[in-house]
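S.K.: There's a structure below that I have some questions on.
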Amino acid sequence: MNTKTTYILAARVILLAIIILFSKTPTTQTVEAQTVEAQITRQSVFQLEFPGEAIPLIRQSEEKPWLLLLSGDPFLQPVPQELAVRANKLIKKGGAESFAFSSRFLIPDPILLPQKTLRSLLESDLVTGASWLLPLPEGVRLPDIDQIQNNLASEDLASERELASLSIVNNRSQINIANHPLRFSTLRQETPPSGPLWVHIDLSYLTPLYNNEVKTPLFPLLGSIVRQINRLQSRIIGISISASTYEGAVPMQLRFVSSALAVALSDSSVLEEVPVEWAQLSRILYLQEFHQVDDILQTVNRMITSNPDSPLAHYRMYRIQQMKHKSEEAEKALLEAIRLDVGYTPELLLLAMKAFERKDIAEAIRLQQLATQSLPQPAFAELDLAGLYLLDKQPEPARNFLAQLKTLPWSQVYYPGIPERIDAMLQEADSIIPLYLRP
């Protein structure tokens, strides 16, 4: 196998596509889900990495809720038959830690991918029904029933029986999934059925709504979302927010929105007296449109001075130093952001890929090493790193990583070719004569 081909296959950073179907146009304290196994209290707000992590939270609620899903993806993909038993066990009994480990894509043995979240909730009878609130800009009409049917069918998101149940109920298109109603609406127009509500916001909801700080200023947009959710406040028993930035489904620069929404939904008074850091960020995003590098740097410095433990501030320093082509300063800022929030680690993978594209293999190895040290589940990053070592004619470190990777339980559903690829890379490592042994 060609070394370069092997590495490209192994090192590609897999970015999950945001499926925007149908759209023609583009308590007072936030709670981390990993710490929650106790009873869910009314108005709890949970910050998550992936949408599937909301399942155990909803399962623990005292009352079975109707789900309001704000997302660019309906999360209706069916679970593969080969994983049905394991997925069902996870959904019914898995805790927060199990979901955090198993409901993502870039791990050796995923059980429940993010795109299967809503269907899993409906099929497991954890919600009474759901409304998918599409991220349609104001003035864009909801898709008609024929559009919905065509798009669901083309994406294999509904069976023939489910598609046959599509109808108009209370002026909204509705389909039955596992004998549970799923409505298609927007946040502005939705009037959910009576009873308790659970709100889940995936940041992919913002992707078609936010263009830039000139056309669609971010914080007024977030304020509008929060106010519209708050009109249902008395019925909401829980709110979960998934960043979806970790594997590329949402741009990393929007990662902070998860915490901003969590704060605003926990205490809407911040909409009237905006935190200083938000005002500073709004200014940065505006200046960015006009490439005002020096003004941005001054504002970022003020952010860090005001709050040196803010991962957002250090991430913005990373971005502005990149704009200034100061790679050392940019990396220093990124590493500090990662120290404060490991969710920024994928940026190191992107930097490693750029170094590889420049044919700077030594730099790519260094950056990839840093990433593997920070990632909680680094199998794919280690596979990439092994490929880089092979390119650099360093068989021993490549072999060490590959030997460990070979022992992992690679999914026969999602990654049936990985074990064979690892074997091929091990063979390649055996064929390389290290530089220090060459005459």
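Labels for the structure tokens follow display order: chains A, B, ..., residues from 1 in each chain, ligands from 1.
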Output as a ChimeraX atom specification all residues of segment 12-243 of chain A that backbone DSSP marks as helix (DSSP H, G or I).
M.R.: /A:33-35,51-60,81-93,96-102,114-123,145-154,160-164,203-206,218-230,233-235
S.K.: Give me the residues near Leu206 of chain A as a ChimeraX atom specification, where near means some atom within 8 Å (using only C-alpha atoms) and where sequence neighbours in that chain fewer than 2 positions away do not count.
M.R.: /A:71-72,135,203-204,208-210
S.K.: Please write the residues from the selection above to a file, keeping C-alpha atoms, as an mmCIF file, in the first residue's frame.
M.R.:
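Here's the written file selection05.cif:
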```cif
data_model
loop_
_atom_site.group_PDB
_atom_site.id
_atom_site.type_symbol
_atom_site.label_atom_id
_atom_site.label_comp_id
_atom_site.auth_asym_id
_atom_site.auth_seq_id
_atom_site.Cartn_x
_atom_site.Cartn_y
_atom_site.Cartn_z
ATOM 1 C CA SER A 71 -31.481 21.459 15.419
ATOM 2 C CA GLY A 72 -30.280 21.538 11.840
ATOM 3 C CA PRO A 135 -33.895 26.654 11.664
ATOM 4 C CA LEU A 203 -25.843 24.239 17.919
ATOM 5 C CA SER A 204 -26.385 23.097 14.334
ATOM 6 C CA PRO A 208 -28.265 28.462 8.748
ATOM 7 C CA LEU A 209 -29.410 31.398 10.901
ATOM 8 C CA TYR A 210 -26.071 33.078 11.650
#
```
S.K.: Report the distance between atom CA of Arg255 of chain A and atom CA of Ile225 of chain A in Å, rounded to one decimal place.
M.R.: 16.7 Å
S.K.: Write out as a PDB file with N, CA and C atoms, in the first residue's frame which residues come within 7 Å of segment 179-184 of chain A when counting only C-alpha atoms, dropping same-chain ones fewer than 6 positions away.
M.R.:
```
ATOM      1  N   LEU A 122     -38.025   8.382  20.597  1.00  0.00           N
ATOM      2  CA  LEU A 122     -39.401   8.046  20.232  1.00  0.00           C
ATOM      3  C   LEU A 122     -39.629   6.541  20.307  1.00  0.00           C
ATOM      4  N   THR A 128     -43.378  11.752  24.931  1.00  0.00           N
ATOM      5  CA  THR A 128     -44.740  11.538  24.415  1.00  0.00           C
ATOM      6  C   THR A 128     -44.831  11.843  22.934  1.00  0.00           C
ATOM      7  N   GLY A 129     -43.921  12.638  22.454  1.00  0.00           N
ATOM      8  CA  GLY A 129     -43.876  13.040  21.055  1.00  0.00           C
ATOM      9  C   GLY A 129     -42.834  14.131  20.923  1.00  0.00           C
ATOM     10  N   ALA A 130     -42.724  14.706  19.734  1.00  0.00           N
ATOM     11  CA  ALA A 130     -41.688  15.712  19.534  1.00  0.00           C
ATOM     12  C   ALA A 130     -42.089  16.692  18.446  1.00  0.00           C
ATOM     13  N   SER A 131     -41.492  17.868  18.534  1.00  0.00           N
ATOM     14  CA  SER A 131     -41.594  18.867  17.472  1.00  0.00           C
ATOM     15  C   SER A 131     -40.182  19.183  17.013  1.00  0.00           C
ATOM     16  N   TRP A 132     -39.907  18.937  15.748  1.00  0.00           N
ATOM     17  CA  TRP A 132     -38.635  19.379  15.192  1.00  0.00           C
ATOM     18  C   TRP A 132     -38.821  20.811  14.726  1.00  0.00           C
ATOM     19  N   LEU A 133     -38.143  21.739  15.405  1.00  0.00           N
ATOM     20  CA  LEU A 133     -38.257  23.160  15.098  1.00  0.00           C
ATOM     21  C   LEU A 133     -37.135  23.521  14.137  1.00  0.00           C
ATOM     22  N   ARG A 172     -50.098  21.864  10.795  1.00  0.00           N
ATOM     23  CA  ARG A 172     -48.694  21.486  10.771  1.00  0.00           C
ATOM     24  C   ARG A 172     -48.557  20.075  10.219  1.00  0.00           C
ATOM     25  N   SER A 173     -47.481  19.854   9.465  1.00  0.00           N
ATOM     26  CA  SER A 173     -47.202  18.502   8.992  1.00  0.00           C
ATOM     27  C   SER A 173     -46.793  17.640  10.183  1.00  0.00           C
TER      28      SER A 173
END
```
S.K.: Which residues come within 9 Å of segment 218-221 of chain A, counting only C-alpha atoms, excluding same-chain residues fewer than 2 positions away, as JSON, numbers by chain?
M.R.: {"A": [206, 209, 210, 211, 212, 213, 216, 223, 224, 225, 226, 271, 278, 279, 282, 285]}
S.K.: I'd like to know which of A:Glu247, A:Glu420, A:Glu336, A:Glu49 is closest to Leu106 of chain A, using only C-alpha atoms.
M.R.: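 Ranking A:Glu247, A:Glu420, A:Glu336, A:Glu49 by distance to Leu106 of chain A, first place goes to A:Glu247.
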S.K.: From the DSSP assignment of the backbone, select every residue of segment 188-307 of chain A that is strand (DSSP E or B), and format the answer as a list in words.
M.R.: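 The residues of segment 188-307 of chain A classed as strand (DSSP E or B) are Leu197, Trp198, Val199, His200, Ile201, Asp202, Ile236, Ile237, Gly238, Ile239, Ser240, Ile241 and Ser242 of chain A.
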S.K.: Write the residues of the preceding selection, restricted to C-alpha atoms, as a PDB file, in the first residue's frame.
M.R.:
```
ATOM      1  CA  LEU A 197     -41.727  19.942  27.877  1.00  0.00           C
ATOM      2  CA  TRP A 198     -38.068  19.139  27.383  1.00  0.00           C
ATOM      3  CA  VAL A 199     -36.080  21.477  25.148  1.00  0.00           C
ATOM      4  CA  HIS A 200     -32.976  20.258  23.366  1.00  0.00           C
ATOM      5  CA  ILE A 201     -30.852  22.719  21.404  1.00  0.00           C
ATOM      6  CA  ASP A 202     -28.111  21.450  19.131  1.00  0.00           C
ATOM      7  CA  ILE A 236     -40.280  23.214  30.755  1.00  0.00           C
ATOM      8  CA  ILE A 237     -38.823  20.540  33.041  1.00  0.00           C
ATOM      9  CA  GLY A 238     -35.362  20.481  31.494  1.00  0.00           C
ATOM     10  CA  ILE A 239     -33.157  21.994  28.813  1.00  0.00           C
ATOM     11  CA  SER A 240     -30.132  20.364  27.210  1.00  0.00           C
ATOM     12  CA  ILE A 241     -27.666  21.940  24.795  1.00  0.00           C
ATOM     13  CA  SER A 242     -25.246  19.961  22.638  1.00  0.00           C
TER      14      SER A 242
END
```
S.K.: What is the distance, in Å and to one decimal place, between atom CA of Glu363 of chain A and atom CA of Glu329 of chain A?
M.R.: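 The value is 15.5 Å.
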S.K.: At a cut-off of 10 Å, using only C-alpha atoms, what residues contact Asp156 of chain A? Leave out same-chain residues fewer than 6 positions from it and give the result as an mmCIF file with C-alpha atoms, in the first residue's frame.
M.R.:
```
data_model
loop_
_atom_site.group_PDB
_atom_site.id
_atom_site.type_symbol
_atom_site.label_atom_id
_atom_site.label_comp_id
_atom_site.auth_asym_id
_atom_site.auth_seq_id
_atom_site.Cartn_x
_atom_site.Cartn_y
_atom_site.Cartn_z
ATOM 1 C CA LEU A 76 -34.019 10.403 12.703
ATOM 2 C CA GLN A 77 -31.573 7.881 11.287
ATOM 3 C CA PRO A 78 -32.447 4.316 12.331
ATOM 4 C CA ASN A 150 -39.510 13.533 -0.476
#
```
S.K.: Quick one: of A:Arg188, A:Glu382, A:Thr407, A:Glu357, who's nearest to Gly139 of chain A, counting only C-alpha atoms?
M.R.: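 The closest residue to Gly139 of chain A is A:Arg188.
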S.K.: Kindly give the distance, in Å, that separates atom CA of Pro108 of chain A and atom CA of Ala379 of chain A, rounded to a single decimal.
M.R.: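 Atom CA of Pro108 of chain A sits 6.9 Å away from atom CA of Ala379 of chain A.
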S.K.: Find, counting only C-alpha atoms, the residue in A:Gln368, A:Gln394, A:Gln253, A:Ser61 that gets nearest to Val127 of chain A.
M.R.: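 Of all the options, A:Ser61 lies closest to Val127 of chain A.
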S.K.: Need the shell around Tyr246 of chain A: protein/DNA/RNA residues with any atom at most 10 Å away, counting only C-alpha atoms. Skip same-chain ones fewer than 2 positions apart. Format as a list in words?
M.R.: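 So, after excluding close chain neighbours, the residues are Leu15, Leu16, Glu49, Phe50, Arg104, Leu106, Ala243, Ser244, Gly248, Ala249, Val250, Pro251, Met252, Arg255, Val342, Gly343, Tyr344, Thr345, Pro346 and Glu347 of chain A.
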